[in-house]
$ cat structure_7.cif   # mmCIF, N, CA and C atoms
data_start
#
loop_
_atom_site.label_atom_id
_atom_site.label_comp_id
_atom_site.auth_asym_id
_atom_site.auth_seq_id
_atom_site.Cartn_x
_atom_site.Cartn_y
_atom_site.Cartn_z
N MET A 375 -15.98 19.51 -108.83
CA MET A 375 -15.80 18.32 -108.01
C MET A 375 -14.39 18.20 -107.44
N ILE A 376 -13.59 19.23 -107.61
CA ILE A 376 -12.24 19.20 -107.05
C ILE A 376 -12.31 18.92 -105.56
N ALA A 377 -13.37 19.39 -104.91
CA ALA A 377 -13.53 19.13 -103.47
C ALA A 377 -13.55 17.64 -103.19
N ASN A 378 -14.15 16.85 -104.08
CA ASN A 378 -14.19 15.40 -103.88
C ASN A 378 -12.80 14.79 -103.90
N VAL A 379 -11.99 15.16 -104.88
CA VAL A 379 -10.67 14.56 -104.99
C VAL A 379 -9.81 14.97 -103.80
N LYS A 380 -9.97 16.19 -103.32
CA LYS A 380 -9.22 16.63 -102.14
C LYS A 380 -9.63 15.81 -100.92
N ARG A 381 -10.92 15.61 -100.73
CA ARG A 381 -11.40 14.81 -99.60
C ARG A 381 -10.87 13.39 -99.67
N VAL A 382 -10.90 12.80 -100.87
CA VAL A 382 -10.42 11.43 -101.05
C VAL A 382 -8.92 11.35 -100.77
N LYS A 383 -8.15 12.27 -101.34
CA LYS A 383 -6.70 12.26 -101.12
C LYS A 383 -6.36 12.49 -99.66
N ASP A 384 -7.07 13.41 -99.01
CA ASP A 384 -6.83 13.67 -97.59
C ASP A 384 -7.13 12.43 -96.76
N TRP A 385 -8.23 11.75 -97.06
CA TRP A 385 -8.62 10.56 -96.30
C TRP A 385 -7.57 9.45 -96.48
N ILE A 386 -7.14 9.26 -97.71
CA ILE A 386 -6.13 8.23 -97.99
C ILE A 386 -4.85 8.52 -97.20
N ASP A 387 -4.41 9.78 -97.23
CA ASP A 387 -3.20 10.16 -96.49
C ASP A 387 -3.38 9.97 -94.99
N GLU A 388 -4.49 10.43 -94.46
CA GLU A 388 -4.75 10.35 -93.01
C GLU A 388 -4.84 8.91 -92.51
N ASN A 389 -5.27 8.01 -93.38
CA ASN A 389 -5.48 6.62 -92.97
C ASN A 389 -4.39 5.67 -93.45
N GLY A 390 -3.35 6.23 -94.04
CA GLY A 390 -2.22 5.40 -94.48
C GLY A 390 -2.58 4.40 -95.57
N GLU A 391 -3.57 4.72 -96.36
CA GLU A 391 -3.97 3.84 -97.46
C GLU A 391 -3.30 4.30 -98.75
N ARG A 392 -3.56 3.59 -99.81
CA ARG A 392 -3.03 3.95 -101.12
C ARG A 392 -4.13 3.78 -102.15
N ALA A 393 -4.02 4.51 -103.24
CA ALA A 393 -5.01 4.44 -104.31
C ALA A 393 -4.38 5.03 -105.57
N LEU A 394 -4.91 4.68 -106.71
CA LEU A 394 -4.45 5.23 -107.99
C LEU A 394 -5.47 6.24 -108.50
N PHE A 395 -4.97 7.35 -109.03
CA PHE A 395 -5.81 8.39 -109.60
C PHE A 395 -5.50 8.50 -111.09
N ALA A 396 -6.53 8.77 -111.88
CA ALA A 396 -6.36 8.98 -113.31
C ALA A 396 -5.92 10.43 -113.55
N ASP A 397 -4.84 10.61 -114.28
CA ASP A 397 -4.32 11.95 -114.56
C ASP A 397 -5.34 12.81 -115.29
N GLY A 398 -5.52 14.02 -114.80
CA GLY A 398 -6.37 14.99 -115.47
C GLY A 398 -7.85 14.81 -115.28
N LEU A 399 -8.26 13.87 -114.43
CA LEU A 399 -9.69 13.60 -114.28
C LEU A 399 -10.19 13.88 -112.87
N ASP A 400 -9.51 14.76 -112.15
CA ASP A 400 -9.90 15.05 -110.77
C ASP A 400 -11.35 15.51 -110.63
N ASP A 401 -11.84 16.25 -111.61
CA ASP A 401 -13.23 16.74 -111.54
C ASP A 401 -14.26 15.62 -111.63
N ALA A 402 -13.86 14.43 -112.03
CA ALA A 402 -14.79 13.32 -112.19
C ALA A 402 -14.79 12.36 -110.99
N VAL A 403 -13.96 12.64 -109.97
CA VAL A 403 -13.93 11.77 -108.78
C VAL A 403 -15.22 11.96 -107.99
N VAL A 404 -15.85 10.83 -107.63
CA VAL A 404 -17.06 10.89 -106.81
C VAL A 404 -16.85 10.28 -105.43
N GLY A 405 -15.78 9.51 -105.24
CA GLY A 405 -15.53 8.94 -103.92
C GLY A 405 -14.59 7.76 -103.96
N LEU A 406 -14.73 6.92 -102.94
CA LEU A 406 -13.91 5.72 -102.78
C LEU A 406 -14.80 4.51 -102.59
N THR A 407 -14.27 3.37 -102.95
CA THR A 407 -14.90 2.11 -102.61
C THR A 407 -13.80 1.18 -102.11
N ARG A 408 -14.20 0.14 -101.44
CA ARG A 408 -13.22 -0.82 -100.95
C ARG A 408 -13.48 -2.17 -101.59
N ASP A 409 -12.45 -2.74 -102.17
CA ASP A 409 -12.54 -4.07 -102.75
C ASP A 409 -12.46 -5.06 -101.60
N MET A 410 -13.53 -5.75 -101.34
CA MET A 410 -13.59 -6.64 -100.18
C MET A 410 -12.69 -7.86 -100.35
N LYS A 411 -12.37 -8.23 -101.57
CA LYS A 411 -11.49 -9.37 -101.79
C LYS A 411 -10.03 -9.01 -101.47
N SER A 412 -9.57 -7.88 -102.01
CA SER A 412 -8.17 -7.49 -101.81
C SER A 412 -7.99 -6.61 -100.57
N GLY A 413 -9.07 -5.97 -100.13
CA GLY A 413 -8.97 -5.04 -99.01
C GLY A 413 -8.48 -3.67 -99.41
N GLU A 414 -8.19 -3.47 -100.69
CA GLU A 414 -7.67 -2.19 -101.17
C GLU A 414 -8.80 -1.21 -101.45
N TYR A 415 -8.50 0.07 -101.27
CA TYR A 415 -9.44 1.12 -101.63
C TYR A 415 -9.22 1.52 -103.07
N ARG A 416 -10.32 1.86 -103.75
CA ARG A 416 -10.25 2.23 -105.15
C ARG A 416 -11.03 3.52 -105.37
N VAL A 417 -10.44 4.41 -106.14
CA VAL A 417 -11.09 5.69 -106.44
C VAL A 417 -12.21 5.43 -107.44
N VAL A 418 -13.35 6.09 -107.22
CA VAL A 418 -14.52 5.94 -108.09
C VAL A 418 -14.69 7.20 -108.92
N TYR A 419 -14.82 7.01 -110.24
CA TYR A 419 -14.99 8.10 -111.19
C TYR A 419 -16.36 7.98 -111.85
N ASP A 420 -16.96 9.12 -112.15
CA ASP A 420 -18.23 9.19 -112.87
C ASP A 420 -17.91 9.28 -114.37
N ILE A 421 -18.32 8.29 -115.13
CA ILE A 421 -18.04 8.22 -116.56
C ILE A 421 -18.59 9.43 -117.31
N ASN A 422 -19.79 9.87 -116.95
CA ASN A 422 -20.37 11.03 -117.65
C ASN A 422 -19.52 12.28 -117.42
N ARG A 423 -18.99 12.45 -116.23
CA ARG A 423 -18.11 13.59 -115.97
C ARG A 423 -16.79 13.45 -116.73
N VAL A 424 -16.29 12.22 -116.84
CA VAL A 424 -15.06 11.99 -117.61
C VAL A 424 -15.30 12.38 -119.07
N LEU A 425 -16.42 11.96 -119.63
CA LEU A 425 -16.73 12.30 -121.02
C LEU A 425 -16.82 13.81 -121.19
N ASN A 426 -17.43 14.50 -120.25
CA ASN A 426 -17.51 15.96 -120.33
C ASN A 426 -16.12 16.59 -120.30
N LEU A 427 -15.24 16.08 -119.43
CA LEU A 427 -13.88 16.61 -119.36
C LEU A 427 -13.14 16.40 -120.67
N LEU A 428 -13.27 15.20 -121.25
CA LEU A 428 -12.58 14.91 -122.50
C LEU A 428 -13.08 15.82 -123.62
N GLN A 429 -14.37 16.10 -123.63
CA GLN A 429 -14.93 16.96 -124.67
C GLN A 429 -14.57 18.43 -124.44
N ASN A 430 -14.75 18.90 -123.22
CA ASN A 430 -14.56 20.33 -122.94
C ASN A 430 -13.09 20.71 -122.79
N ASP A 431 -12.32 19.91 -122.10
CA ASP A 431 -10.92 20.26 -121.83
C ASP A 431 -9.97 19.84 -122.95
N GLN A 432 -10.32 18.74 -123.63
CA GLN A 432 -9.41 18.25 -124.66
C GLN A 432 -9.98 18.38 -126.07
N GLY A 433 -11.17 18.94 -126.18
CA GLY A 433 -11.75 19.24 -127.49
C GLY A 433 -12.17 18.04 -128.30
N MET A 434 -12.39 16.91 -127.65
CA MET A 434 -12.81 15.71 -128.38
C MET A 434 -14.30 15.77 -128.70
N SER A 435 -14.68 15.15 -129.81
CA SER A 435 -16.10 14.97 -130.08
C SER A 435 -16.62 13.92 -129.10
N TYR A 436 -17.94 13.81 -128.99
CA TYR A 436 -18.51 12.81 -128.08
C TYR A 436 -18.04 11.41 -128.47
N GLU A 437 -18.08 11.11 -129.76
CA GLU A 437 -17.69 9.78 -130.23
C GLU A 437 -16.23 9.49 -129.93
N ASP A 438 -15.35 10.47 -130.15
CA ASP A 438 -13.93 10.29 -129.86
C ASP A 438 -13.70 10.13 -128.35
N ALA A 439 -14.46 10.88 -127.55
CA ALA A 439 -14.33 10.79 -126.09
C ALA A 439 -14.74 9.40 -125.61
N VAL A 440 -15.82 8.86 -126.15
CA VAL A 440 -16.26 7.52 -125.77
C VAL A 440 -15.22 6.48 -126.15
N GLU A 441 -14.68 6.59 -127.37
CA GLU A 441 -13.67 5.64 -127.82
C GLU A 441 -12.41 5.73 -126.96
N HIS A 442 -11.96 6.94 -126.66
CA HIS A 442 -10.79 7.14 -125.81
C HIS A 442 -11.03 6.57 -124.41
N LEU A 443 -12.20 6.86 -123.86
CA LEU A 443 -12.56 6.35 -122.53
C LEU A 443 -12.53 4.83 -122.50
N GLU A 444 -13.15 4.20 -123.47
CA GLU A 444 -13.25 2.74 -123.49
C GLU A 444 -11.89 2.08 -123.70
N HIS A 445 -11.09 2.58 -124.61
CA HIS A 445 -9.84 1.92 -124.98
C HIS A 445 -8.64 2.30 -124.12
N ASN A 446 -8.60 3.54 -123.66
CA ASN A 446 -7.41 4.03 -122.98
C ASN A 446 -7.57 4.25 -121.49
N ILE A 447 -8.79 4.35 -121.02
CA ILE A 447 -9.01 4.67 -119.61
C ILE A 447 -9.65 3.48 -118.90
N VAL A 448 -10.87 3.17 -119.25
CA VAL A 448 -11.58 2.07 -118.57
C VAL A 448 -10.91 0.74 -118.85
N GLY A 449 -10.36 0.57 -120.03
CA GLY A 449 -9.74 -0.69 -120.41
C GLY A 449 -8.38 -0.95 -119.78
N ALA A 450 -7.82 0.04 -119.11
CA ALA A 450 -6.49 -0.12 -118.49
C ALA A 450 -6.64 -0.79 -117.13
N HIS A 451 -6.07 -1.97 -116.98
CA HIS A 451 -6.10 -2.66 -115.69
C HIS A 451 -4.75 -2.46 -115.02
N LEU A 452 -4.80 -1.89 -113.81
CA LEU A 452 -3.58 -1.55 -113.09
C LEU A 452 -3.47 -2.29 -111.77
N GLY A 453 -4.02 -3.48 -111.72
CA GLY A 453 -3.94 -4.28 -110.50
C GLY A 453 -5.06 -3.96 -109.52
N ASP A 454 -4.83 -4.30 -108.25
CA ASP A 454 -5.86 -4.16 -107.23
C ASP A 454 -6.27 -2.73 -106.96
N LEU A 455 -5.48 -1.76 -107.38
CA LEU A 455 -5.79 -0.36 -107.13
C LEU A 455 -6.45 0.32 -108.33
N THR A 456 -6.76 -0.44 -109.38
CA THR A 456 -7.39 0.13 -110.57
C THR A 456 -8.66 0.88 -110.18
N PRO A 457 -8.83 2.12 -110.63
CA PRO A 457 -10.05 2.87 -110.32
C PRO A 457 -11.31 2.16 -110.81
N VAL A 458 -12.42 2.57 -110.24
CA VAL A 458 -13.74 2.06 -110.62
C VAL A 458 -14.43 3.14 -111.45
N TRP A 459 -15.08 2.72 -112.51
CA TRP A 459 -15.74 3.63 -113.43
C TRP A 459 -17.24 3.39 -113.36
N MET A 460 -18.01 4.38 -112.86
CA MET A 460 -19.44 4.20 -112.69
C MET A 460 -20.21 5.24 -113.48
N PHE A 461 -21.51 4.98 -113.66
CA PHE A 461 -22.37 5.98 -114.27
C PHE A 461 -23.76 5.84 -113.68
N LEU A 462 -24.50 6.91 -113.70
CA LEU A 462 -25.88 6.93 -113.28
C LEU A 462 -26.72 7.01 -114.55
N PRO A 463 -27.47 5.94 -114.86
CA PRO A 463 -28.24 5.94 -116.11
C PRO A 463 -29.30 7.04 -116.12
N GLU A 464 -29.54 7.55 -117.30
CA GLU A 464 -30.65 8.49 -117.49
C GLU A 464 -31.94 7.69 -117.41
N CYS A 465 -33.04 8.35 -117.11
CA CYS A 465 -34.33 7.67 -117.08
C CYS A 465 -34.61 7.06 -118.45
N GLY A 466 -35.03 5.82 -118.46
CA GLY A 466 -35.36 5.15 -119.69
C GLY A 466 -34.20 4.49 -120.38
N GLU A 467 -32.96 4.67 -119.88
CA GLU A 467 -31.80 4.01 -120.47
C GLU A 467 -31.76 2.55 -120.07
N ALA A 468 -31.40 1.70 -121.01
CA ALA A 468 -31.31 0.27 -120.70
C ALA A 468 -29.93 -0.08 -120.25
#
$ encode --input "structure_7.cif" --output "structure tokens"
Amino acid sequence: MIANVKRVKDWIDENGERALFADGLDDAVVGLTRDMKSGEYRVVYDINRVLNLLQNDQGMSYEDAVEHLEHNIVGAHLGDLTPVWMFLPECGEA
């Protein structure tokens, strides 16, 4: 998914916008969204891809990856440019 992060960064640069990226999670970028209240663009990350990166690249167990994601990544609020964390539920998931 490196192609996604390159496209997003190129678009931001070409349009004079700004956005925050999570260090080391470029493979999990799926696109951009715009916060209609603030007008700012926000990078969108796929949570399942983030979990895979944490497990494969950093050697975390699934449980440790989930805990790290919840407490250190998703839980970090960085203002209007804070990334968005999304997931696509599996069939039958509530």
$ atom_distance --input "structure_7.cif" --atom1 "atom N of A:Val417" --atom2 "atom C of A:Leu462"
18.5 Å
$ atom_distance --input "structure_7.cif" --atom1 "atom CA of A:Val404" --atom2 "atom N of A:Ile376"
9.1 Å
$ closest_residue --input "structure_7.cif" --among "A:Leu399, A:Leu452, A:Val379, A:Ala393" --to "A:Leu428" --atoms "all atoms listed in the file"
A:Leu399
$ closest_residue --input "structure_7.cif" --among "A:Glu388, A:Ala402, A:Cys465, A:Asp454" --to "A:Leu427" --atoms "only N, CA and C atoms"
A:Ala402
$ residues_around --input "structure_7.cif" --residues "A:Trp459" --least-positions-apart "3" --cutoff "7 Å" --atoms "only C-alpha atoms" --output "ChimeraX atom specification"
/A:418-421,448
$ closest_residue --input "structure_7.cif" --among "A:Glu414, A:Asp397, A:Trp385, A:Asn426" --to "A:Ala439" --atoms "only N, CA and C atoms"
A:Asn426
$ residues_around --input "structure_7.cif" --residues "A:Phe395" --least-positions-apart "3" --cutoff "8 Å" --atoms "all atoms listed in the file" --output "PDB file with N, CA and C atoms, in the coordinates of the input"
ATOM      1  N   ARG A 392      -3.560   3.590 -99.810  1.00  0.00           N
ATOM      2  CA  ARG A 392      -3.030   3.950-101.120  1.00  0.00           C
ATOM      3  C   ARG A 392      -4.130   3.780-102.150  1.00  0.00           C
ATOM      4  N   GLY A 398      -5.520  14.020-114.800  1.00  0.00           N
ATOM      5  CA  GLY A 398      -6.370  14.990-115.470  1.00  0.00           C
ATOM      6  C   GLY A 398      -7.850  14.810-115.280  1.00  0.00           C
ATOM      7  N   LEU A 399      -8.260  13.870-114.430  1.00  0.00           N
ATOM      8  CA  LEU A 399      -9.690  13.600-114.280  1.00  0.00           C
ATOM      9  C   LEU A 399     -10.190  13.880-112.870  1.00  0.00           C
ATOM     10  N   ASP A 400      -9.510  14.760-112.150  1.00  0.00           N
ATOM     11  CA  ASP A 400      -9.900  15.050-110.770  1.00  0.00           C
ATOM     12  C   ASP A 400     -11.350  15.510-110.630  1.00  0.00           C
ATOM     13  N   VAL A 417     -10.440   4.410-106.140  1.00  0.00           N
ATOM     14  CA  VAL A 417     -11.090   5.690-106.440  1.00  0.00           C
ATOM     15  C   VAL A 417     -12.210   5.430-107.440  1.00  0.00           C
ATOM     16  N   LEU A 455      -5.480  -1.760-107.380  1.00  0.00           N
ATOM     17  CA  LEU A 455      -5.790  -0.360-107.130  1.00  0.00           C
ATOM     18  C   LEU A 455      -6.450   0.320-108.330  1.00  0.00           C
ATOM     19  N   THR A 456      -6.760  -0.440-109.380  1.00  0.00           N
ATOM     20  CA  THR A 456      -7.390   0.130-110.570  1.00  0.00           C
ATOM     21  C   THR A 456      -8.660   0.880-110.180  1.00  0.00           C
ATOM     22  N   PRO A 457      -8.830   2.120-110.630  1.00  0.00           N
ATOM     23  CA  PRO A 457     -10.050   2.870-110.320  1.00  0.00           C
ATOM     24  C   PRO A 457     -11.310   2.160-110.810  1.00  0.00           C
TER      25      PRO A 457
END
$ atom_distance --input "structure_7.cif" --atom1 "atom N of A:Gly390" --atom2 "atom C of A:Gly449"
27.2 Å
$ select_by_dssp --input "structure_7.cif" --residues "chain A" --states "strand (DSSP E or B)" --output "NGL selection string"
:A and (403-408 or 415-420 or 458-460)
$ residues_around --input "structure_7.cif" --residues "A:Ile447" --least-positions-apart "4" --cutoff "10 Å" --atoms "only C-alpha atoms" --output "PDB file with N, CA and C atoms, in the coordinates of the input"
ATOM      1  N   ALA A 396      -6.530   8.770-111.880  1.00  0.00           N
ATOM      2  CA  ALA A 396      -6.360   8.980-113.310  1.00  0.00           C
ATOM      3  C   ALA A 396      -5.920  10.430-113.550  1.00  0.00           C
ATOM      4  N   VAL A 424     -16.290  12.220-116.840  1.00  0.00           N
ATOM      5  CA  VAL A 424     -15.060  11.990-117.610  1.00  0.00           C
ATOM      6  C   VAL A 424     -15.300  12.380-119.070  1.00  0.00           C
ATOM      7  N   VAL A 440     -15.820   8.860-126.150  1.00  0.00           N
ATOM      8  CA  VAL A 440     -16.260   7.520-125.770  1.00  0.00           C
ATOM      9  C   VAL A 440     -15.220   6.480-126.150  1.00  0.00           C
ATOM     10  N   GLU A 441     -14.680   6.590-127.370  1.00  0.00           N
ATOM     11  CA  GLU A 441     -13.670   5.640-127.820  1.00  0.00           C
ATOM     12  C   GLU A 441     -12.410   5.730-126.960  1.00  0.00           C
ATOM     13  N   HIS A 442     -11.960   6.940-126.660  1.00  0.00           N
ATOM     14  CA  HIS A 442     -10.790   7.140-125.810  1.00  0.00           C
ATOM     15  C   HIS A 442     -11.030   6.570-124.410  1.00  0.00           C
ATOM     16  N   LEU A 443     -12.200   6.860-123.860  1.00  0.00           N
ATOM     17  CA  LEU A 443     -12.560   6.350-122.530  1.00  0.00           C
ATOM     18  C   LEU A 443     -12.530   4.830-122.500  1.00  0.00           C
ATOM     19  N   HIS A 451      -6.070  -1.970-116.980  1.00  0.00           N
ATOM     20  CA  HIS A 451      -6.100  -2.660-115.690  1.00  0.00           C
ATOM     21  C   HIS A 451      -4.750  -2.460-115.020  1.00  0.00           C
ATOM     22  N   PRO A 457      -8.830   2.120-110.630  1.00  0.00           N
ATOM     23  CA  PRO A 457     -10.050   2.870-110.320  1.00  0.00           C
ATOM     24  C   PRO A 457     -11.310   2.160-110.810  1.00  0.00           C
ATOM     25  N   TRP A 459     -15.080   2.720-112.510  1.00  0.00           N
ATOM     26  CA  TRP A 459     -15.740   3.630-113.430  1.00  0.00           C
ATOM     27  C   TRP A 459     -17.240   3.390-113.360  1.00  0.00           C
TER      28      TRP A 459
END
$ closest_residue --input "structure_7.cif" --among "A:Asn389, A:Asn378, A:Asn430, A:Asn422" --to "A:Gly405" --atoms "only N, CA and C atoms"
A:Asn378
$ select_by_dssp --input "structure_7.cif" --residues "chain A" --states "alpha helix (DSSP H)" --output "PyMOL selection string"
chain A and resi 376-388+421-432+436-442
